[in-house]
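Colleague: Pasting final.cif here (mmCIF, C-alpha atoms and all ligand atoms):
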```
data_entry
loop_
_atom_site.label_atom_id
_atom_site.label_comp_id
_atom_site.auth_asym_id
_atom_site.auth_seq_id
_atom_site.Cartn_x
_atom_site.Cartn_y
_atom_site.Cartn_z
CA MET A 37 61.01 81.86 189.41
CA SER A 38 61.57 81.64 185.63
CA ALA A 39 59.21 80.28 182.97
CA ILE A 40 61.35 77.20 182.45
CA ASN A 41 62.00 75.94 185.98
CA GLY A 42 61.63 72.16 185.83
CA LYS A 43 60.28 72.28 182.27
CA LYS A 44 61.39 69.95 179.50
CA ILE A 45 62.36 71.96 176.41
CA ALA A 46 62.55 70.35 172.95
CA ILE A 47 64.43 72.24 170.24
CA VAL A 48 63.88 70.86 166.71
CA GLY A 49 66.85 71.47 164.40
CA ALA A 50 70.58 71.65 165.20
CA GLY A 51 71.41 74.64 163.02
CA PRO A 52 73.11 77.74 164.39
CA GLY A 53 69.82 79.02 165.86
CA GLY A 54 68.82 75.84 167.69
CA LEU A 55 72.29 75.05 169.02
CA THR A 56 72.82 78.61 170.26
CA LEU A 57 69.50 78.45 172.08
CA ALA A 58 70.34 75.07 173.64
CA ARG A 59 73.67 76.43 174.89
CA LEU A 60 72.16 79.61 176.34
CA LEU A 61 69.42 77.66 178.14
CA GLN A 62 71.74 74.96 179.48
CA GLN A 63 74.09 77.62 180.83
CA SER A 64 71.24 78.65 183.13
CA GLY A 65 70.43 75.12 184.22
CA ALA A 66 67.49 74.46 181.87
CA GLN A 67 66.67 70.98 180.51
CA ALA A 68 67.04 71.43 176.76
CA SER A 69 67.25 68.65 174.18
CA VAL A 70 67.82 69.08 170.45
CA TYR A 71 66.30 66.80 167.76
CA GLU A 72 68.14 66.86 164.42
CA ARG A 73 67.39 65.05 161.15
CA ASP A 74 71.08 64.60 160.20
CA GLN A 75 72.30 61.06 160.87
CA SER A 76 75.26 62.20 162.97
CA ARG A 77 77.38 65.19 163.78
CA SER A 78 79.82 64.23 161.04
CA ALA A 79 77.13 64.45 158.34
CA ARG A 80 78.60 67.02 155.97
CA VAL A 81 77.70 70.63 156.69
CA GLN A 82 77.73 72.43 153.38
CA GLY A 83 77.33 76.00 152.39
CA SER A 84 78.87 79.38 152.37
CA ALA A 85 80.96 80.90 155.12
CA LEU A 86 79.01 83.24 157.37
CA ASP A 87 79.89 86.67 158.66
CA LEU A 88 78.75 87.29 162.21
CA HIS A 89 77.69 90.77 163.31
CA GLU A 90 78.45 92.55 166.56
CA HIS A 91 74.91 93.11 167.79
CA SER A 92 73.46 89.76 166.75
CA GLY A 93 75.55 86.66 165.93
CA LEU A 94 78.60 87.78 167.92
CA ALA A 95 76.45 89.07 170.82
CA ALA A 96 74.82 85.63 171.08
CA LEU A 97 78.22 83.88 171.08
CA GLU A 98 79.48 86.34 173.70
CA ALA A 99 76.48 85.56 175.94
CA ALA A 100 77.15 81.86 175.34
CA GLY A 101 80.77 82.25 176.50
CA LEU A 102 82.08 81.06 173.14
CA MET A 103 84.09 83.98 171.78
CA GLU A 104 87.43 82.30 172.41
CA ALA A 105 86.32 79.24 170.46
CA PHE A 106 84.99 81.53 167.72
CA TRP A 107 88.29 83.40 167.30
CA ALA A 108 90.17 80.10 167.21
CA ASN A 109 88.05 79.06 164.22
CA HIS A 110 87.26 82.19 162.22
CA ARG A 111 88.57 82.98 158.72
CA PRO A 112 90.59 86.22 158.66
CA ASP A 113 91.58 85.46 155.05
CA LEU A 114 88.07 86.25 153.74
CA ASP A 115 88.95 89.92 153.84
CA ASN A 116 87.82 91.17 150.43
CA LEU A 117 84.64 91.00 148.38
CA ARG A 118 85.30 91.61 144.69
CA LEU A 119 82.52 92.74 142.37
CA THR A 120 82.80 92.08 138.63
CA ASP A 121 80.59 92.26 135.56
CA ALA A 122 79.60 89.27 133.44
CA ASN A 123 82.96 89.45 131.61
CA GLY A 124 84.94 89.26 134.85
CA THR A 125 85.97 92.91 134.65
CA VAL A 126 86.63 94.10 138.19
CA LEU A 127 84.19 96.85 139.18
CA HIS A 128 85.00 97.24 142.86
CA ASP A 129 87.02 95.64 145.67
CA HIS A 130 85.32 95.89 149.02
CA PRO A 131 87.60 95.35 152.02
CA ARG A 132 85.85 93.35 154.69
CA ARG A 133 86.36 94.24 158.32
CA VAL A 134 87.33 91.00 160.02
CA SER A 135 88.37 92.52 163.37
CA GLY A 136 88.06 95.72 165.38
CA PRO A 137 85.08 98.12 165.62
CA GLY A 138 82.24 97.31 163.22
CA GLN A 139 83.84 93.92 162.55
CA ARG A 140 82.04 91.17 160.66
CA PRO A 141 84.38 88.22 161.00
CA GLU A 142 83.71 85.13 158.91
CA ILE A 143 83.45 81.52 159.99
CA GLU A 144 82.70 78.32 158.09
CA ARG A 145 79.43 76.62 158.95
CA GLY A 146 81.14 73.35 160.01
CA PRO A 147 83.41 74.90 162.67
CA LEU A 148 80.52 77.08 163.92
CA ARG A 149 78.34 74.00 164.34
CA ASP A 150 81.21 72.11 166.02
CA LEU A 151 81.97 74.81 168.57
CA LEU A 152 78.30 75.06 169.50
CA LEU A 153 77.95 71.25 169.75
CA ASP A 154 81.07 71.01 171.92
CA SER A 155 79.55 73.51 174.34
CA LEU A 156 76.48 71.36 175.06
CA GLN A 157 76.00 68.70 177.73
CA PRO A 158 76.72 65.19 176.40
CA GLY A 159 73.64 63.57 174.85
CA THR A 160 71.85 66.87 174.23
CA VAL A 161 71.49 66.31 170.49
CA HIS A 162 69.37 63.36 169.30
CA TRP A 163 70.61 62.63 165.76
CA ASP A 164 68.58 60.96 163.01
CA CYS A 165 65.41 62.52 164.42
CA LYS A 166 63.58 64.09 161.51
CA LEU A 167 60.37 65.62 162.82
CA GLU A 168 57.39 64.26 160.94
CA SER A 169 54.47 65.55 162.97
CA SER A 170 53.68 67.35 166.19
CA GLU A 171 50.60 67.97 168.32
CA VAL A 172 49.73 70.08 171.31
CA HIS A 173 48.00 68.21 174.13
CA GLY A 174 47.07 70.72 176.78
CA GLU A 175 50.26 71.91 178.40
CA GLN A 176 52.47 69.48 176.49
CA VAL A 177 53.67 69.05 172.95
CA SER A 178 54.26 65.62 171.43
CA LEU A 179 56.76 65.13 168.63
CA ARG A 180 56.93 62.18 166.26
CA PHE A 181 60.07 61.47 164.26
CA ALA A 182 60.65 59.63 160.99
CA ASN A 183 62.71 56.97 162.81
CA GLY A 184 59.64 55.96 164.83
CA GLN A 185 60.71 57.66 168.07
CA THR A 186 58.43 60.04 169.92
CA SER A 187 59.06 62.67 172.57
CA VAL A 188 56.92 64.83 174.82
CA ALA A 189 58.00 68.30 175.96
CA ASP A 190 56.59 71.20 177.98
CA ILE A 191 57.94 73.74 175.47
CA ALA A 192 58.77 73.06 171.79
CA ILE A 193 60.89 75.42 169.72
CA GLY A 194 61.21 75.03 165.96
CA SER A 195 64.65 75.89 164.63
CA ASP A 196 64.24 73.47 161.74
CA GLY A 197 64.99 75.89 158.94
CA ALA A 198 63.13 77.13 155.88
CA ASN A 199 60.96 73.99 155.48
CA SER A 200 60.09 73.84 159.17
CA ARG A 201 57.67 71.09 160.18
CA LEU A 202 57.01 72.62 163.58
CA ARG A 203 55.78 75.81 161.86
CA GLU A 204 52.50 73.98 161.13
CA LEU A 205 51.67 74.15 164.87
CA VAL A 206 52.19 77.90 164.95
CA THR A 207 50.83 79.41 161.73
CA PRO A 208 49.33 78.51 158.34
CA ILE A 209 51.44 81.27 156.70
CA ARG A 210 53.97 79.67 154.32
CA PRO A 211 57.17 81.10 152.82
CA GLN A 212 56.80 82.20 149.18
CA TYR A 213 59.20 81.63 146.27
CA VAL A 214 60.93 84.95 145.49
CA GLY A 215 61.41 84.21 141.77
CA VAL A 216 65.17 83.63 142.10
CA SER A 217 66.95 80.27 142.35
CA LEU A 218 70.57 79.42 143.07
CA VAL A 219 72.65 76.62 141.64
CA GLU A 220 75.15 75.54 144.30
CA GLY A 221 78.33 73.77 143.27
CA LEU A 222 81.71 72.86 144.71
CA VAL A 223 84.97 72.85 142.72
CA PRO A 224 87.70 70.85 144.50
CA ALA A 225 91.40 71.75 144.13
CA ALA A 226 90.30 74.96 142.48
CA LYS A 227 93.76 76.46 141.99
CA HIS A 228 94.42 73.79 139.36
CA ALA A 229 90.86 73.12 138.20
CA ILE A 230 89.88 76.74 137.49
CA PRO A 231 93.18 78.70 137.47
CA GLU A 232 91.88 81.84 135.77
CA LEU A 233 88.95 82.22 138.15
CA TRP A 234 91.17 81.28 141.09
CA ASP A 235 93.43 84.22 140.25
CA LEU A 236 90.44 86.52 139.94
CA LEU A 237 89.20 85.43 143.39
CA GLN A 238 92.50 86.30 145.07
CA GLY A 239 91.85 83.88 147.91
CA SER A 240 88.64 85.50 149.08
CA ALA A 241 85.09 86.08 147.69
CA LEU A 242 83.60 87.45 144.50
CA ILE A 243 80.22 88.30 143.03
CA ALA A 244 79.68 88.75 139.30
CA LEU A 245 76.58 90.60 138.14
CA GLY A 246 74.72 91.14 134.88
CA GLY A 247 71.68 90.30 132.78
CA GLU A 248 69.52 89.52 135.84
CA ARG A 249 72.01 86.83 136.81
CA THR A 250 74.71 86.51 139.49
CA ILE A 251 77.64 84.23 140.17
CA GLY A 252 79.05 84.17 143.68
CA MET A 253 82.28 82.37 144.51
CA GLY A 254 84.19 81.88 147.72
CA THR A 255 87.29 79.97 148.74
CA LYS A 256 87.07 77.17 151.31
CA PRO A 257 89.89 76.25 153.72
CA ASP A 258 90.60 72.98 151.84
CA GLY A 259 91.36 74.81 148.57
CA SER A 260 87.96 74.20 147.00
CA VAL A 261 85.68 76.94 145.71
CA LEU A 262 81.99 77.11 146.49
CA LEU A 263 79.86 78.71 143.82
CA TYR A 264 76.31 80.00 143.68
CA ALA A 265 74.94 80.86 140.26
CA GLY A 266 71.70 82.80 140.67
CA LEU A 267 69.01 83.46 138.12
CA LYS A 268 65.52 84.84 137.95
CA THR A 269 63.22 82.08 136.78
CA ASP A 270 59.71 80.69 137.19
CA ASP A 271 60.19 78.00 134.54
CA PRO A 272 60.36 74.44 135.93
CA ALA A 273 62.16 73.33 132.73
CA VAL A 274 65.22 75.40 133.72
CA ARG A 275 65.61 73.42 136.93
CA GLN A 276 64.80 70.13 135.23
CA SER A 277 67.43 70.63 132.53
CA LEU A 278 70.11 71.33 135.14
CA GLU A 279 69.14 68.35 137.27
CA GLU A 280 69.05 66.08 134.22
CA ALA A 281 72.40 67.25 132.87
CA SER A 282 74.40 64.05 132.78
CA GLY A 283 77.93 65.39 132.64
CA SER A 284 80.13 68.42 132.59
CA ASP A 285 79.56 69.20 128.90
CA GLU A 286 75.81 69.29 129.42
CA ARG A 287 76.22 71.53 132.44
CA VAL A 288 78.33 73.94 130.40
CA ARG A 289 75.59 73.94 127.75
CA TRP A 290 73.04 74.69 130.50
CA PHE A 291 75.18 77.66 131.56
CA GLN A 292 75.45 78.90 127.98
CA ALA A 293 71.68 78.63 127.49
CA ASN A 294 70.74 80.27 130.78
CA PHE A 295 73.50 82.88 131.20
CA LYS A 296 73.26 84.46 127.76
CA GLY A 297 75.71 87.31 127.28
CA TRP A 298 78.06 85.97 129.98
CA SER A 299 81.70 85.36 129.12
CA GLY A 300 83.08 81.83 128.66
CA LEU A 301 85.37 82.70 131.57
CA TRP A 302 82.77 81.18 133.94
CA GLU A 303 82.31 77.91 132.04
CA PRO A 304 85.03 76.01 133.96
CA LEU A 305 82.87 76.36 137.10
CA PHE A 306 80.16 74.27 135.46
CA ARG A 307 82.68 71.85 133.97
CA GLU A 308 84.64 71.23 137.17
CA ALA A 309 81.98 71.33 139.91
CA VAL A 310 81.54 67.89 141.51
CA SER A 311 77.83 68.30 142.04
CA MET A 312 75.20 70.94 141.41
CA ILE A 313 72.17 71.49 143.61
CA TRP A 314 69.16 73.64 142.78
CA ARG A 315 68.18 75.98 145.64
CA PRO A 316 65.05 78.06 145.15
CA LEU A 317 64.92 81.09 147.47
CA PHE A 318 61.95 81.75 149.74
CA VAL A 319 60.74 84.58 151.92
CA CYS A 320 58.18 84.90 154.69
CA PRO A 321 55.94 87.97 154.47
CA ALA A 322 57.60 90.98 156.11
CA ASP A 323 54.38 91.79 157.97
CA GLN A 324 53.60 88.21 159.05
CA HIS A 325 52.00 87.83 162.42
CA TRP A 326 50.30 85.15 164.49
CA ALA A 327 48.80 84.94 167.95
CA PRO A 328 51.39 83.54 170.36
CA LYS A 329 50.94 79.94 171.48
CA PRO A 330 51.52 79.15 175.15
CA ASN A 331 54.24 76.53 174.61
CA VAL A 332 55.40 76.49 170.96
CA THR A 333 57.44 79.02 169.00
CA LEU A 334 59.89 79.35 166.11
CA ILE A 335 63.33 80.87 165.67
CA GLY A 336 65.63 81.55 162.71
CA ASP A 337 64.69 80.50 159.19
CA ALA A 338 61.77 78.47 160.56
CA ALA A 339 60.25 81.75 161.69
CA HIS A 340 61.37 84.16 158.96
CA VAL A 341 63.35 82.73 156.06
CA MET A 342 64.58 85.30 153.56
CA PRO A 343 67.03 85.37 150.62
CA PRO A 344 70.72 85.75 151.52
CA TYR A 345 71.11 89.27 150.05
CA ALA A 346 71.59 91.09 153.32
CA GLY A 347 73.80 88.51 155.05
CA GLU A 348 71.55 88.54 158.10
CA GLY A 349 69.93 85.07 158.17
CA VAL A 350 72.29 83.37 160.58
CA ASN A 351 72.70 86.53 162.60
CA MET A 352 68.94 86.82 163.07
CA ALA A 353 68.68 83.12 163.98
CA MET A 354 71.30 83.55 166.70
CA LEU A 355 69.76 86.82 167.91
CA ASP A 356 66.36 85.09 168.12
CA ALA A 357 68.02 82.48 170.35
CA LEU A 358 69.48 85.19 172.57
CA VAL A 359 66.22 87.15 172.88
CA LEU A 360 64.06 84.05 173.45
CA SER A 361 66.43 82.64 176.06
CA LYS A 362 66.40 85.93 177.98
CA PHE A 363 62.59 85.99 178.07
CA LEU A 364 62.33 82.30 179.00
CA LEU A 365 64.72 82.94 181.88
CA SER A 366 63.04 86.14 183.10
CA GLN A 367 59.28 85.79 182.53
CA ASP A 368 56.94 83.90 184.87
CA THR A 369 55.30 81.60 182.29
CA PRO A 370 56.40 80.14 178.93
CA GLY A 371 53.38 81.82 177.31
CA HIS A 372 54.47 85.26 178.53
CA ALA A 373 58.04 84.61 177.39
CA ILE A 374 56.92 83.47 173.92
CA ALA A 375 54.61 86.47 173.52
CA ALA A 376 57.37 88.92 174.50
CA TYR A 377 59.89 87.23 172.19
CA GLU A 378 57.54 87.14 169.20
CA THR A 379 56.62 90.82 169.62
CA GLU A 380 60.31 91.76 169.43
CA MET A 381 61.01 89.29 166.60
CA PHE A 382 58.11 90.45 164.37
CA SER A 383 59.09 94.08 164.73
CA ARG A 384 62.81 93.44 164.05
CA MET A 385 62.20 91.11 161.12
CA ARG A 386 59.72 93.37 159.35
CA SER A 387 62.34 95.95 158.35
CA MET A 388 65.05 93.30 157.93
CA THR A 389 62.90 91.36 155.46
CA GLU A 390 61.92 94.52 153.58
CA ASP A 391 65.57 95.60 153.27
CA THR A 392 66.58 92.12 152.13
CA MET A 393 63.95 92.14 149.38
CA VAL A 394 65.17 95.56 148.19
CA ASN A 395 68.67 94.09 147.91
CA THR A 396 67.37 90.99 146.14
CA GLU A 397 65.64 93.13 143.51
CA MET A 398 68.83 95.17 143.09
CA PHE A 399 71.10 92.17 142.53
CA TYR A 400 68.83 90.89 139.74
CA ALA A 401 67.98 94.26 138.15
CA PRO A 402 69.05 94.98 134.55
CA ASP A 403 71.35 97.73 135.96
CA ALA A 404 72.64 95.61 138.87
CA CYS A 405 76.31 96.42 138.19
CA GLU A 406 75.87 100.17 138.65
CA ARG A 407 73.48 99.88 141.59
CA VAL A 408 75.34 97.23 143.57
CA VAL A 409 78.70 98.95 143.11
CA ALA A 410 77.11 102.26 144.21
CA LEU A 411 75.69 100.48 147.25
CA PHE A 412 79.08 99.11 148.26
CA ARG A 413 80.79 102.44 147.61
CA SER A 414 78.21 104.12 149.84
CA PHE A 415 79.47 102.02 152.74
CA GLY A 416 82.88 103.67 152.37
CA GLY A 417 85.21 101.99 154.82
CA GLU A 418 82.23 100.51 156.64
CA GLU A 419 81.49 96.85 156.21
CA ALA A 420 78.65 96.16 153.81
CA ALA A 421 75.57 94.33 154.92
CA VAL A 422 75.47 92.40 151.69
CA PRO A 423 77.03 89.03 151.24
CA PRO A 424 74.81 87.56 148.58
CA ALA A 425 74.86 84.36 146.71
CA GLY A 426 78.14 83.23 147.93
CA GLU A 427 80.19 83.04 150.75
CA ALA A 428 80.50 86.04 152.08
C1 LIG B 501 73.30 80.45 149.57
C2 LIG B 501 73.07 81.00 150.94
C3 LIG B 501 74.00 81.88 151.48
C4 LIG B 501 73.78 82.43 152.74
N1 LIG B 501 74.69 83.30 153.23
C5 LIG B 501 74.47 83.85 154.43
C6 LIG B 501 75.40 84.79 154.98
O1 LIG B 501 76.41 85.10 154.38
N2 LIG B 501 75.13 85.32 156.19
C7 LIG B 501 74.00 84.98 156.88
O2 LIG B 501 73.79 85.52 157.97
N3 LIG B 501 73.12 84.09 156.41
C8 LIG B 501 73.32 83.52 155.21
N4 LIG B 501 72.42 82.63 154.71
C9 LIG B 501 71.24 82.27 155.52
C10 LIG B 501 71.60 81.29 156.65
O3 LIG B 501 72.22 80.14 156.09
C11 LIG B 501 70.36 80.90 157.42
O4 LIG B 501 69.59 82.04 157.70
C12 LIG B 501 70.74 80.21 158.73
O5 LIG B 501 71.45 79.01 158.48
C13 LIG B 501 69.49 79.93 159.55
O6 LIG B 501 69.85 79.19 160.69
P1 LIG B 501 68.77 78.25 161.39
O7 LIG B 501 69.45 77.64 162.57
O8 LIG B 501 67.51 79.00 161.60
O9 LIG B 501 68.40 77.15 160.30
P2 LIG B 501 69.35 76.10 159.44
O10 LIG B 501 70.71 76.60 159.42
O11 LIG B 501 68.58 75.90 158.21
O12 LIG B 501 69.29 74.83 160.36
C14 LIG B 501 68.11 74.04 160.44
C15 LIG B 501 68.49 72.67 161.03
O13 LIG B 501 67.29 71.93 161.20
C16 LIG B 501 67.46 70.63 160.65
N5 LIG B 501 66.14 70.18 160.21
C17 LIG B 501 65.44 70.58 159.13
N6 LIG B 501 64.25 69.97 159.08
C18 LIG B 501 64.19 69.16 160.15
C19 LIG B 501 63.21 68.27 160.65
N7 LIG B 501 62.03 68.07 160.02
N8 LIG B 501 63.47 67.60 161.80
C20 LIG B 501 64.65 67.79 162.45
N9 LIG B 501 65.63 68.61 162.02
C21 LIG B 501 65.39 69.30 160.88
C22 LIG B 501 68.45 70.82 159.51
O14 LIG B 501 69.11 69.62 159.19
C23 LIG B 501 69.40 71.86 160.12
O15 LIG B 501 70.43 71.27 160.87
C24 LIG B 501 72.63 82.06 153.46
C25 LIG B 501 71.70 81.15 152.93
C26 LIG B 501 71.91 80.63 151.67
C27 LIG B 501 70.89 79.68 151.09
#
```
Output the file's structure as structure tokens, nothing else.
Ligand SMILES: Cc1cc2nc3c(=O)[nH]c(=O)nc-3n(C[C@H](O)[C@H](O)[C@H](O)COP(=O)(O)OP(=O)(O)OC[C@H]3O[C@@H](n4cnc5c(N)ncnc54)[C@H](O)[C@@H]3O)c2cc1C
Modeller:
Amino acid sequence: MSAINGKKIAIVGAGPGGLTLARLLQQSGAQASVYERDQSRSARVQGSALDLHEHSGLAALEAAGLMEAFWANHRPDLDNLRLTDANGTVLHDHPRRVSGPGQRPEIERGPLRDLLLDSLQPGTVHWDCKLESSEVHGEQVSLRFANGQTSVADIAIGSDGANSRLRELVTPIRPQYVGVSLVEGLVPAAKHAIPELWDLLQGSALIALGGERTIGMGTKPDGSVLLYAGLKTDDPAVRQSLEEASGSDERVRWFQANFKGWSGLWEPLFREAVSMIWRPLFVCPADQHWAPKPNVTLIGDAAHVMPPYAGEGVNMAMLDALVLSKFLLSQDTPGHAIAAYETEMFSRMRSMTEDTMVNTEMFYAPDACERVVALFRSFGGEEAAVPPAGEA
């Protein structure tokens, strides 16, 4: 008899972690519901493409029986990562392995979410359910949502991302700002809007480095380009001046003021982007630990958010789902399953978080060009574990 026989499972957050978990549990006959703050499934899913790794993201999709759907939706064209300096001088072209042994194929977030949603039983996801508060009452957990609805579950799993509300039930430890923020922007019809940068991108992905700054760019299937401009800053005025910039000229002036020493080559990104969003980066302590709760746990960014400089966030979220589902299906009580999962997760994430922070320091070091190029060269023909502020 498994830990979840006859139990009602509530998963908070319909990101890649939560949806993968729902699929894996439903495949084995469990009663899993997902509560998501987005208004509907068509609410826009933004963000960079993701590369899935053999022993984590792809292994979870394999267990979920979704590899065929994955291959029908992946992006074989994202097959190169170009590194440049702040002048746009090409330092290195890193071929990306999109199939075969050691593959790290890419997929857009929207199609990944869609294929996971399509695999669930109808009515599994409750949209417009932003978790506001939660409480444990004996063997049950009650959830209260911003729309006034409530729900009671036997097991609650937080997959509600970096600002997880369910995390409050599990630990007082909070993610810390890493001292680096990203400015995310989208340039539509980029071939015409930013022709020089479009040519430099060559249809794939690029990271420019220098002066403790980065610019990551990646093509989207609709011909737009997603950009992430990253900078080390603790000054609230830097964010405020970007958010208050009233038009493209002011945004270009913001770039000039905050990317000193960078070529004007990059200015069209700030002129042509339709919107710009400030995204501070957070990390949970590598050695974080808490005593397992009998019926509440966390997966993915809710458990262990980290900066994107090792390209492992989504892969770890999906691997958490795989590991937790296996324990829930094999252990005799939810408490035993949660304890076994968290022991594995803490140990795996300790080194992953440490490695990610080493990469983060490297990308924003004064000698980032030399060090990051050396890192990629050291991979030889192997795929790098580093898709930073972009798309990769
Ligand atoms: C710029 C950038 C680039 C990245 N690039 C990569 C990469 O190349 N490779 C990689 O592996 N990872 C990358 N990551 C990290 C990756 O995006 C995350 O690690 C991954 O999305 C985590 O998945 P998740 O399911 O845990 O959480 P999320 O994807 O954050 O999903 C959380 C879900 O919960 C919902 N939610 C949030 N709060 C509530 C609430 N209160 N109530 C209900 N629902 C809620 C959200 O709407 C969302 O649907 C990148 C991150 C950034 C910021």
Colleague: What's around segment 316-326 of chain A at 9 Å? Count all atoms listed in the file, leave out sequence neighbours fewer than 5 positions away in its own chain, and write the answer as number ranges by chain.
Modeller: A: 198, 206-207, 209-219, 339-344, 378, 382-383, 385-390, 393
Colleague: Point out the residue among A:Leu237, A:Leu263, A:Ala192, A:Ala376 with the least atom-to-atom distance to ligand LIG 501 (chain B), counting all atoms listed in the file.
Modeller: A:Leu263
Colleague: Counting only C-alpha atoms and all ligand atoms, what residues are within 7 Å of ligand LIG 501 (chain B), given as a PyMOL selection string?
Modeller: chain A and resi 48-54+71-74+83-88+165-168+195-201+264+335-338+341+343-344+347-351+353+423-428
Colleague: Which of these, A:Leu222, A:Leu114, A:Ile45, A:Glu175, has the shortest distance to Pro330 of chain A once you count all atoms listed in the file?
Modeller: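 Answer, going by the shortest atom-to-atom distance: A:Glu175.
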Colleague: Tell me which protein, DNA and RNA residues are within 8 Å of Ser284 of chain A, counting all atoms listed in the file, leaving out same-chain ones fewer than 2 positions away, and put them as a PyMOL selection string.
Modeller: chain A and resi 281-282+286-288+306-308
Colleague: Work out how far apart atom CA of Val126 of chain A and atom CA of Trp314 of chain A are and give it in Å to one decimal.
Modeller: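 A separation of 27.3 Å between them.
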Colleague: Which residue out of A:Met398, A:Ala182, A:Ile313, A:Leu55 has the minimum interatomic distance to Gln276 of chain A when only C-alpha atoms are used?
Modeller: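 Of A:Met398, A:Ala182, A:Ile313, A:Leu55, the one nearest Gln276 of chain A is A:Ile313, counting only C-alpha atoms.
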Colleague: What would segment 126-182 of chain A look like if you wrote it out as a PDB file, in the first residue's frame, with C-alpha atoms included, from the block I just posted?
Modeller:
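For reference, selection.pdb as written:
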```
ATOM      1  CA  VAL A 126      32.933  37.037 -31.209  1.00  0.00           C
ATOM      2  CA  LEU A 127      35.038  35.195 -28.630  1.00  0.00           C
ATOM      3  CA  HIS A 128      33.701  31.667 -28.993  1.00  0.00           C
ATOM      4  CA  ASP A 129      30.939  29.664 -30.701  1.00  0.00           C
ATOM      5  CA  HIS A 130      29.729  26.780 -28.613  1.00  0.00           C
ATOM      6  CA  PRO A 131      27.816  24.103 -30.539  1.00  0.00           C
ATOM      7  CA  ARG A 132      24.892  22.834 -28.520  1.00  0.00           C
ATOM      8  CA  ARG A 133      24.049  19.161 -28.597  1.00  0.00           C
ATOM      9  CA  VAL A 134      20.345  18.998 -29.410  1.00  0.00           C
ATOM     10  CA  SER A 135      20.167  15.232 -30.029  1.00  0.00           C
ATOM     11  CA  GLY A 136      22.144  12.048 -29.436  1.00  0.00           C
ATOM     12  CA  PRO A 137      24.281  11.090 -26.406  1.00  0.00           C
ATOM     13  CA  GLY A 138      24.742  13.903 -23.881  1.00  0.00           C
ATOM     14  CA  GLN A 139      21.960  15.835 -25.604  1.00  0.00           C
ATOM     15  CA  ARG A 140      20.412  18.946 -24.081  1.00  0.00           C
ATOM     16  CA  PRO A 141      17.536  19.708 -26.416  1.00  0.00           C
ATOM     17  CA  GLU A 142      15.737  23.024 -26.049  1.00  0.00           C
ATOM     18  CA  ILE A 143      12.040  23.725 -25.721  1.00  0.00           C
ATOM     19  CA  GLU A 144      10.065  26.928 -25.256  1.00  0.00           C
ATOM     20  CA  ARG A 145       8.279  27.296 -21.940  1.00  0.00           C
ATOM     21  CA  GLY A 146       4.822  27.632 -23.567  1.00  0.00           C
ATOM     22  CA  PRO A 147       4.926  24.323 -25.481  1.00  0.00           C
ATOM     23  CA  LEU A 148       6.423  22.559 -22.432  1.00  0.00           C
ATOM     24  CA  ARG A 149       3.566  23.818 -20.274  1.00  0.00           C
ATOM     25  CA  ASP A 150       1.024  22.856 -22.955  1.00  0.00           C
ATOM     26  CA  LEU A 151       2.258  19.299 -23.371  1.00  0.00           C
ATOM     27  CA  LEU A 152       2.204  18.767 -19.614  1.00  0.00           C
ATOM     28  CA  LEU A 153      -1.297  20.300 -19.302  1.00  0.00           C
ATOM     29  CA  ASP A 154      -2.600  18.139 -22.147  1.00  0.00           C
ATOM     30  CA  SER A 155      -1.399  15.035 -20.311  1.00  0.00           C
ATOM     31  CA  LEU A 156      -3.531  15.711 -17.222  1.00  0.00           C
ATOM     32  CA  GLN A 157      -7.078  14.589 -16.477  1.00  0.00           C
ATOM     33  CA  PRO A 158      -9.642  17.268 -17.407  1.00  0.00           C
ATOM     34  CA  GLY A 159     -10.286  19.712 -14.559  1.00  0.00           C
ATOM     35  CA  THR A 160      -6.997  18.981 -12.794  1.00  0.00           C
ATOM     36  CA  VAL A 161      -5.805  22.592 -12.878  1.00  0.00           C
ATOM     37  CA  HIS A 162      -7.823  25.211 -10.966  1.00  0.00           C
ATOM     38  CA  TRP A 163      -6.936  28.531 -12.623  1.00  0.00           C
ATOM     39  CA  ASP A 164      -7.120  31.943 -10.960  1.00  0.00           C
ATOM     40  CA  CYS A 165      -6.244  30.353  -7.620  1.00  0.00           C
ATOM     41  CA  LYS A 166      -3.466  32.436  -6.114  1.00  0.00           C
ATOM     42  CA  LEU A 167      -2.572  30.940  -2.748  1.00  0.00           C
ATOM     43  CA  GLU A 168      -2.823  33.553  -0.031  1.00  0.00           C
ATOM     44  CA  SER A 169      -2.472  31.499   3.126  1.00  0.00           C
ATOM     45  CA  SER A 170      -2.287  27.927   4.320  1.00  0.00           C
ATOM     46  CA  GLU A 171      -2.567  26.107   7.635  1.00  0.00           C
ATOM     47  CA  VAL A 172      -1.993  22.602   8.890  1.00  0.00           C
ATOM     48  CA  HIS A 173      -4.865  21.137  10.899  1.00  0.00           C
ATOM     49  CA  GLY A 174      -3.769  17.760  12.179  1.00  0.00           C
ATOM     50  CA  GLU A 175      -3.551  15.439   9.215  1.00  0.00           C
ATOM     51  CA  GLN A 176      -4.952  17.975   6.764  1.00  0.00           C
ATOM     52  CA  VAL A 177      -3.791  21.171   5.142  1.00  0.00           C
ATOM     53  CA  SER A 178      -6.192  23.995   4.329  1.00  0.00           C
ATOM     54  CA  LEU A 179      -5.477  26.414   1.503  1.00  0.00           C
ATOM     55  CA  ARG A 180      -7.051  29.827   1.008  1.00  0.00           C
ATOM     56  CA  PHE A 181      -6.903  31.565  -2.349  1.00  0.00           C
ATOM     57  CA  ALA A 182      -7.108  35.229  -3.345  1.00  0.00           C
TER      58      ALA A 182
END
```
